[in-house]
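First comes the structure, then the notes that go with it.
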4 protein chains.
Amino acid sequence: MHSNKLRFGVLGVGRIGKIHIGNLVNRIPDAEVVALSDVAGAELEAVAARFSIARTFTDYRRLLDLPEVDAVVIASPTNLHYQMIVEAAARGKQIFCEKPIDLSLEKVHAANQEVGRRGVRMMVGFNRRFDPNFLKVREIVAEGKVGRPQVLRITSRDPGPPPEAYIRASGGIFLDMTIHDFDMARYLMGSEVAEVYTRAAVMVDAVFEKAGDWDTAVITLTFENGAFGSIDNSRQAVYGYDQRVEVFGSEGMATVANNAPDSHILSDRAGIHTALPLHFFLERYAESYWREMQAFVDAVHQQAPVPVSGEDGFQAAVIALAAAKSARENRPVKVSEISAGVTSECPVS
Amino acid sequence: MHSNKLRFGVLGVGRIGKIHIGNLVNRIPDAEVVALSDVAGAELEAVAARFSIARTFTDYRRLLDLPEVDAVVIASPTNLHYQMIVEAAARGKQIFCEKPIDLSLEKVHAANQEVGRRGVRMMVGFNRRFDPNFLKVREIVAEGKVGRPQVLRITSRDPGPPPEAYIRASGGIFLDMTIHDFDMARYLMGSEVAEVYTRAAVMVDAVFEKAGDWDTAVITLTFENGAFGSIDNSRQAVYGYDQRVEVFGSEGMATVANNAPDSHILSDRAGIHTALPLHFFLERYAESYWREMQAFVDAVHQQAPVPVSGEDGFQAAVIALAAAKSARENRPVKVSEISAGVTSECPVS
Amino acid sequence: MHSNKLRFGVLGVGRIGKIHIGNLVNRIPDAEVVALSDVAGAELEAVAARFSIARTFTDYRRLLDLPEVDAVVIASPTNLHYQMIVEAAARGKQIFCEKPIDLSLEKVHAANQEVGRRGVRMMVGFNRRFDPNFLKVREIVAEGKVGRPQVLRITSRDPGPPPEAYIRASGGIFLDMTIHDFDMARYLMGSEVAEVYTRAAVMVDAVFEKAGDWDTAVITLTFENGAFGSIDNSRQAVYGYDQRVEVFGSEGMATVANNAPDSHILSDRAGIHTALPLHFFLERYAESYWREMQAFVDAVHQQAPVPVSGEDGFQAAVIALAAAKSARENRPVKVSEISAGVTSECPVS
Amino acid sequence: MHSNKLRFGVLGVGRIGKIHIGNLVNRIPDAEVVALSDVAGAELEAVAARFSIARTFTDYRRLLDLPEVDAVVIASPTNLHYQMIVEAAARGKQIFCEKPIDLSLEKVHAANQEVGRRGVRMMVGFNRRFDPNFLKVREIVAEGKVGRPQVLRITSRDPGPPPEAYIRASGGIFLDMTIHDFDMARYLMGSEVAEVYTRAAVMVDAVFEKAGDWDTAVITLTFENGAFGSIDNSRQAVYGYDQRVEVFGSEGMATVANNAPDSHILSDRAGIHTALPLHFFLERYAESYWREMQAFVDAVHQQAPVPVSGEDGFQAAVIALAAAKSARENRPVKVSEISAGVTSECPVS
């Protein structure tokens, strides 16, 4: 039933691109990858060979010109996202774009507008929404099992800092790292963020200071429904990737523990010992990368709204910019301070 | 060896007073209770009979006049603490005073001054420092096992709100409830708090609004050593008393779970179920009430500094007032804003 | 209300004797200790001084002769239990006797008969029934929450072997150590044991072999109601005292974890680490020693049956002897093989 | 690099067959499936279409005749295994065979002999050895972290009984269900089983009695190295599939908990609740099915011994037959009683 398969072109075959290609090829029966593009030709060919993909392009525009490509995965560096979105939308391709859409709020807004005008779908890669643990917490909250949500707690820590070049191009901790937590906050609480207060510092590595960035942050959120949230981030947890959430409400609390590769307990003279967490996001969120892509394929096939829209990408970016401003000015910043200058009527994809 | 026992008079035989009396009588061999005072005569006699204590007074001054009383426990309503401290100190009694010392920072300061001038010891009842879990976290941090502390997290939630009359006399959530967490923050991090930012609201019960108080709060602390802290409070966790801390640092993390009465796990068709927490502070902190009193007795016997001083009581109160101001004004408040007007040279008892 | 207190004489002031004295003096308001006896005079006087007990005797018979003694705690070496029980019963004293009643089944039976004839109560010190964890499992089973019990699992391991002299006088692993597990099995399952199969070996220390004893055992129980049980014992778990039970039934499973002094979790580069268990039975079962004595005092005061009877002591000993026989002969042994020769009509105290 | 891929024919496209096909097609890059056989033609075609497999046969012999088939997966009913092994070996195919090899020990032995004579490899599907939890316990034991193993505990319970027809063809609980635990016992302890004692009964469903089978068992193992083991089985744990092991030794203990689909904890007024286990073996052991097949492919490619041999299949079957005999006769049965009549010199594949 080849004709029913959604035919993908993947733009960018780096770390995340390969994840998506692997899932589309091996784990999503109603999709296939028909073309790849990347400026790095040698890697492009190696990936194409490994996954038996026929067509490769160093110029992504030639991929976009293929009529048999139904949908694209944009997994290129962030500074290329906007242009690729606009051009893919112009050619009527369905779009899955990695986060963040862009570091400039204006461009995020413009990309969303363009996608809306062209009538294609765009899903943003906030994969954590599809993690079995966080999905379960969302489900518990949505079912009302914790009553009215009152306090959200998120702990999100990386095992170690990225390379300096990555840091410099990242847009800073809030647009690069915390943006996932901001999206998670909106997703779990079912309410928009109204105000942000951030304390941030360099505690891990002076490289962040050189880049005008921070590596450690504690953030207070006030939601439009009156609830509060608290997020803490670090670029380095020596014990490994640490990803936990807790929603406390009028009728109870839902929490999820961090993930480990196995459940072993070793008891010896020195103590009781268990496994360190799964190393980093590729391992911890392997399942969620697969599930988000399946959800995208399902949405396109069923002509249903995508579960994570461009508007979701916009909102998370707004909060991230508010968080950065709060950290710089050491005062609570209303999210409307940031978004007001851009626009309020955003398209829904 | 009667002569070696520290002879106590206890001022106030309410809920907390009885806890201390029970521990002094039954679990601290080198102490004894020789006299009690309380304005509520019937309860006073009942308690005296139950613990076989010979002398009772409805006027605490007559108790203070007894030459055989070496030390007093002040477990009366907060508004009486200051006067009792001053008078006990004047008579050379060693003093154990429940928290808070007073709702007025000036009076706390004055009480500390008076205690210092009279050359007696005063210990403040921040009993949680003596909880086996929190003691262990402090020990781990002090041993350097988490490296340089970077982020402190405290969750502290009551099982349900106190009576309205209690709320009105309490000094508000920060002086009544969070003050324990502020002391815990200083204790665990080994650094003073420099700045506080608080979001507070009424989410649990309108009675708090009527009293000009809050029932839910999320607080960000900045320590003098640069570390951050985050505290969340609620006056009502329907699943029970919730007391957890986490210290994250450059070399690791120490956390403690909430306490339960037993470790049973029931697995049935509906799920896997474990016990609700110990009901409230009397149950959860039974051990710490005993250990703090033993520590006070030991300090007096050994003529050593008490482990929790009047200065500790002062500092926690300053943070509490800064937190309240921050909540009212929705801005970060430096602790020095509060303490500057009072004094900076505080006596050490 | 002095006249209402149950007045105790304690026979034996060793490790367990002191536990009971401490609980009776400090934690059981409606009891008091009026006399102690022990052949070791110096220790006797030290204990009496520590707990302010007026009367001491190196000859227990003089204690038994005191008319003001209502009840006795027999905490002497096992080989003295029988004689003390008989003499105490003859004087109409209520009796709390440590386990085992005797190493000879005939003497256990005779002691029970004597207690029955004299019309006094005798409770046997199977303290673990009063441990909060095991109590909870029993409660869950009794409430039918696991349905019909089908399989019982008990893991019971000591932190290290006792001294050789203790081993030689102990009656062997089954009468000394596993006897607690046999009692727990009857208590949790609410059914008598019909048959025992035991594999036992010396894996820990050759001293057990010299004493004709074993240090490691795996035991299969068949209950009269058709359920099965499995017990494993070791005289040495290097990580500490290990005490767990699990009851599996037609509607679910109840388990309890081993106990630790605190709930701390330390996460560092090497792993996730938690606390070793409470050291040994004095620490782990501190609460249950207190609760069992309170239960004895309550039973006497209320003229109710004691919760652990001489018959319970008899049955556990029968199973222990069957287990030893099974280990020696490597075959399943019916409990009736052991008890048949003694008697079937046992008094209920 | 088609020529390097191991080309599989799969015999049997039932539940387990489909698992293996899915893993070979999607998750094992250096293997491919070129042909399928099954007597159920409709299902055969459906599976072939789903996985895009070109060739299908209702007669497995025609599949075996294909020269391009390098290796076969035998996932047919047990009573066909022997014949398929013999014929596949005769054609020089590498063999992966589901457990048990056969219900008759003689045929197991003969199959192993034949495989040895033909010089092909045969791996037996004891997939649990590849479960991340059990792998970790084996690794801990092999590294000596628990010292000398002394006591093994395995709890292995199904969520519910299979259909009656399955039971009647299964060879009974020990050859069908416990055989996995017997293999796990040998694997974890690194020692052969010398003796078995079993108590078995029908507690779950009378259908087992009708089939001359049992549904509940407690088994004691004695290993050749002197260690003991205890296994408990039930055909119905209402809370779900329960798979735990524990190895206790002279220097510590390694345990693994049961697996759940997520780590959520819901705290509400009624209690603290966590997720039920993963439903059954297909979900719980999804990872291990993949890993075992990868291990088989690797062994063939590297011309290395397979990690689970025909001899392993033989030994587990011997223990299962000893367990059944012990249950029938209620006495310990030496494994040599069973194997003696067959043979002692077994080929190593």
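Each chain in the structure tokens gets a letter, A, B and so on, in the order shown; residues start at 1 in every chain, and ligands are counted from 1 in the order they appear.
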Could you give me, as JSON lines, a per-residue list for chain A showing, wherever an atom lies at most 10 Å from an atom of chain C, the closest pair of atoms and their distance in Å to one decimal, using only C-alpha atoms and sorting by chain then residue number from low to high?
```
{"residue": "A:Ala237", "atom": "CA", "partner": "C:Asp268", "partner_atom": "CA", "distance": 8.6}
{"residue": "A:Val238", "atom": "CA", "partner": "C:Arg269", "partner_atom": "CA", "distance": 5.5}
{"residue": "A:Tyr239", "atom": "CA", "partner": "C:Arg269", "partner_atom": "CA", "distance": 4.6}
{"residue": "A:Gly240", "atom": "CA", "partner": "C:Arg269", "partner_atom": "CA", "distance": 7.8}
{"residue": "A:Ile265", "atom": "CA", "partner": "C:His273", "partner_atom": "CA", "distance": 9.5}
{"residue": "A:Leu266", "atom": "CA", "partner": "C:His273", "partner_atom": "CA", "distance": 9.4}
{"residue": "A:Ser267", "atom": "CA", "partner": "C:Tyr239", "partner_atom": "CA", "distance": 5.8}
{"residue": "A:Asp268", "atom": "CA", "partner": "C:Tyr239", "partner_atom": "CA", "distance": 4.8}
{"residue": "A:Arg269", "atom": "CA", "partner": "C:Tyr239", "partner_atom": "CA", "distance": 4.6}
{"residue": "A:Ala270", "atom": "CA", "partner": "C:Tyr239", "partner_atom": "CA", "distance": 7.3}
{"residue": "A:Gly271", "atom": "CA", "partner": "C:Leu276", "partner_atom": "CA", "distance": 5.1}
{"residue": "A:Ile272", "atom": "CA", "partner": "C:Thr274", "partner_atom": "CA", "distance": 5.1}
{"residue": "A:His273", "atom": "CA", "partner": "C:His273", "partner_atom": "CA", "distance": 4.5}
{"residue": "A:Thr274", "atom": "CA", "partner": "C:Ile272", "partner_atom": "CA", "distance": 5.1}
{"residue": "A:Ala275", "atom": "CA", "partner": "C:Gly271", "partner_atom": "CA", "distance": 5.8}
{"residue": "A:Leu276", "atom": "CA", "partner": "C:Gly271", "partner_atom": "CA", "distance": 5.1}
{"residue": "A:Pro277", "atom": "CA", "partner": "C:Gly271", "partner_atom": "CA", "distance": 8.7}
```
At a cut-off of 7 Å, using only C-alpha atoms, what residues contact segment 19-27 of chain C? Leave out same-chain residues fewer than 3 positions from it and give the result as a PDB file with C-alpha atoms, in the first residue's frame.
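result_24.pdb, freshly written:
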```
ATOM      1  CA  ASN B  26      10.644   9.909  79.563  1.00  0.00           C
ATOM      2  CA  ARG B  27      13.435  10.093  77.062  1.00  0.00           C
TER       3      ARG B  27
ATOM      4  CA  ARG C  15      20.245  -6.903  76.312  1.00  0.00           C
ATOM      5  CA  ILE C  16      16.571  -7.778  75.955  1.00  0.00           C
ATOM      6  CA  ALA C  31       2.961  -0.044  84.204  1.00  0.00           C
ATOM      7  CA  GLU C  32       5.946   0.290  86.474  1.00  0.00           C
ATOM      8  CA  VAL C  33       8.966  -1.813  87.355  1.00  0.00           C
ATOM      9  CA  TRP C 290       7.448  -1.313  73.064  1.00  0.00           C
TER      10      TRP C 290
END
```
Taking the DSSP secondary structure from the backbone, can you list the residues of segment 37-103 of chain A that are strand (DSSP E or B), as a ChimeraX atom specification?
/A:37,55-57,71-74,94-97
Taking only C-alpha atoms into account, produce a table as a tab-separated table in which each residue of segment 107-187 of chain D with an atom at most 7 Å from an atom of segment 210-231 of chain D appears once, together with its shortest atom pair and the distance in Å to one decimal, ordered by chain and rising number.
```
residue	atom	partner	partner_atom	distance
D:Pro149	CA	D:Ala227	CA	6.6
D:Gln150	CA	D:Ala227	CA	4.6
D:Val151	CA	D:Phe228	CA	4.9
D:Leu152	CA	D:Gly229	CA	4.4
D:Arg153	CA	D:Ser230	CA	4.9
D:Ile154	CA	D:Ile231	CA	4.7
D:Thr155	CA	D:Ile231	CA	5.8
D:Arg168	CA	D:Ala211	CA	5.8
D:Gly172	CA	D:Asp213	CA	5.5
D:Ile173	CA	D:Trp214	CA	6.4
```
Which residues are near Arg291 of chain B? Cut-off 12 Å, only C-alpha atoms, ignore same chain within fewer than 6 positions. Put them as a list in words.
Ile19, His20, Asn23, Leu24, Arg27, Ile28, Gly125, Phe126, Asn127, Arg128, Arg129, Phe130, Asp131, Pro132, Leu135, Tyr285, Val297, Asp298 and Pro307 of chain B
With a distance cut-off of 12 Å and only C-alpha atoms, select the neighbouring residues of Glu43 of chain D, excluding the residue or stretch itself and same-chain residues fewer than 4 positions from it, and output the selection as a ChimeraX atom specification.
/D:12-15,17-18,36-39,47-50,56-58
Selected residue of minimal separation from Glu87 of chain C among C:Val318, C:Ile101, C:Val69, C:Leu64, counting only C-alpha atoms
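That would be C:Leu64, the residue with the smallest distance to Glu87 of chain C.
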Test item: residues at most 9 Å from His301 of chain C, only C-alpha atoms, excluding those fewer than 4 positions along its chain, as an mmCIF file with C-alpha atoms, in the first residue's frame:
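Below is the file that was written, out.cif:
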```cif
data_model
loop_
_atom_site.group_PDB
_atom_site.id
_atom_site.type_symbol
_atom_site.label_atom_id
_atom_site.label_comp_id
_atom_site.auth_asym_id
_atom_site.auth_seq_id
_atom_site.Cartn_x
_atom_site.Cartn_y
_atom_site.Cartn_z
ATOM 1 C CA ASN C 4 -3.878 1.031 88.628
ATOM 2 C CA LYS C 5 -0.351 0.536 87.375
ATOM 3 C CA LEU C 6 0.709 -3.018 86.639
ATOM 4 C CA ASP C 30 0.040 2.152 83.165
ATOM 5 C CA PHE C 296 0.635 -7.401 77.299
ATOM 6 C CA VAL C 297 -0.147 -4.703 79.865
#
```
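Distance check against Val146 of chain A using only C-alpha atoms: of A:Ser250, A:Thr78, A:Asn233, A:Ser170, the minimum falls on A:Ser250.
Atom CA of Leu282 of chain C is positioned 24.6 Å from atom CA of Tyr82 of chain C.
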Looking only at alpha helix (DSSP H) from DSSP on the backbone, list the matching residues of segment 174-336 of chain C as a PyMOL selection string.
chain C and resi 179-189+206-210+281-284+286-301+310-329+335-336
Spatial neighbours of Phe281 of chain B, max dist 10 Å, only C-alpha atoms, sep filter under 4 positions, as a ChimeraX atom specification
/B:128,158-159,241-243,285-286,288-289
Restricted to C-alpha atoms, what would the selected residues look like written as a compact mmCIF listing (two decimals), in the first residue's frame?
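The new file selection10.txt reads:
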```txt
# COMPACT_ATOMS: atom_id res chain seq x y z
CA ARG B 128 13.53 20.13 61.93
CA ASP B 158 0.68 21.14 55.56
CA PRO B 159 -2.13 18.57 55.49
CA TYR B 241 2.07 16.46 55.36
CA ASP B 242 4.75 16.82 52.71
CA GLN B 243 8.30 17.64 53.75
CA TYR B 285 8.92 15.33 63.82
CA ALA B 286 8.44 13.28 67.02
CA SER B 288 13.36 15.69 66.11
CA TYR B 289 11.52 17.20 69.08
```
Rounded to one decimal place, report the atom CA of Thr198 of chain C-atom CA of Asp232 of chain C distance in Å.
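Computing the Euclidean distance for atom CA of Thr198 of chain C and atom CA of Asp232 of chain C yields 9.7 Å.
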Gap from atom CA of Ala35 of chain B to atom CA of Arg62 of chain B - Å, one decimal:
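We find that atom CA of Ala35 of chain B and atom CA of Arg62 of chain B lie 10.0 Å from each other.
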Can you tell me, as an MDAnalysis selection string, what residues are no more than 8 Å from Val120 of chain D when counting only C-alpha atoms, ignoring any on the same chain fewer than 3 positions away?
chainID D and resid 89 92:95 115:116 349
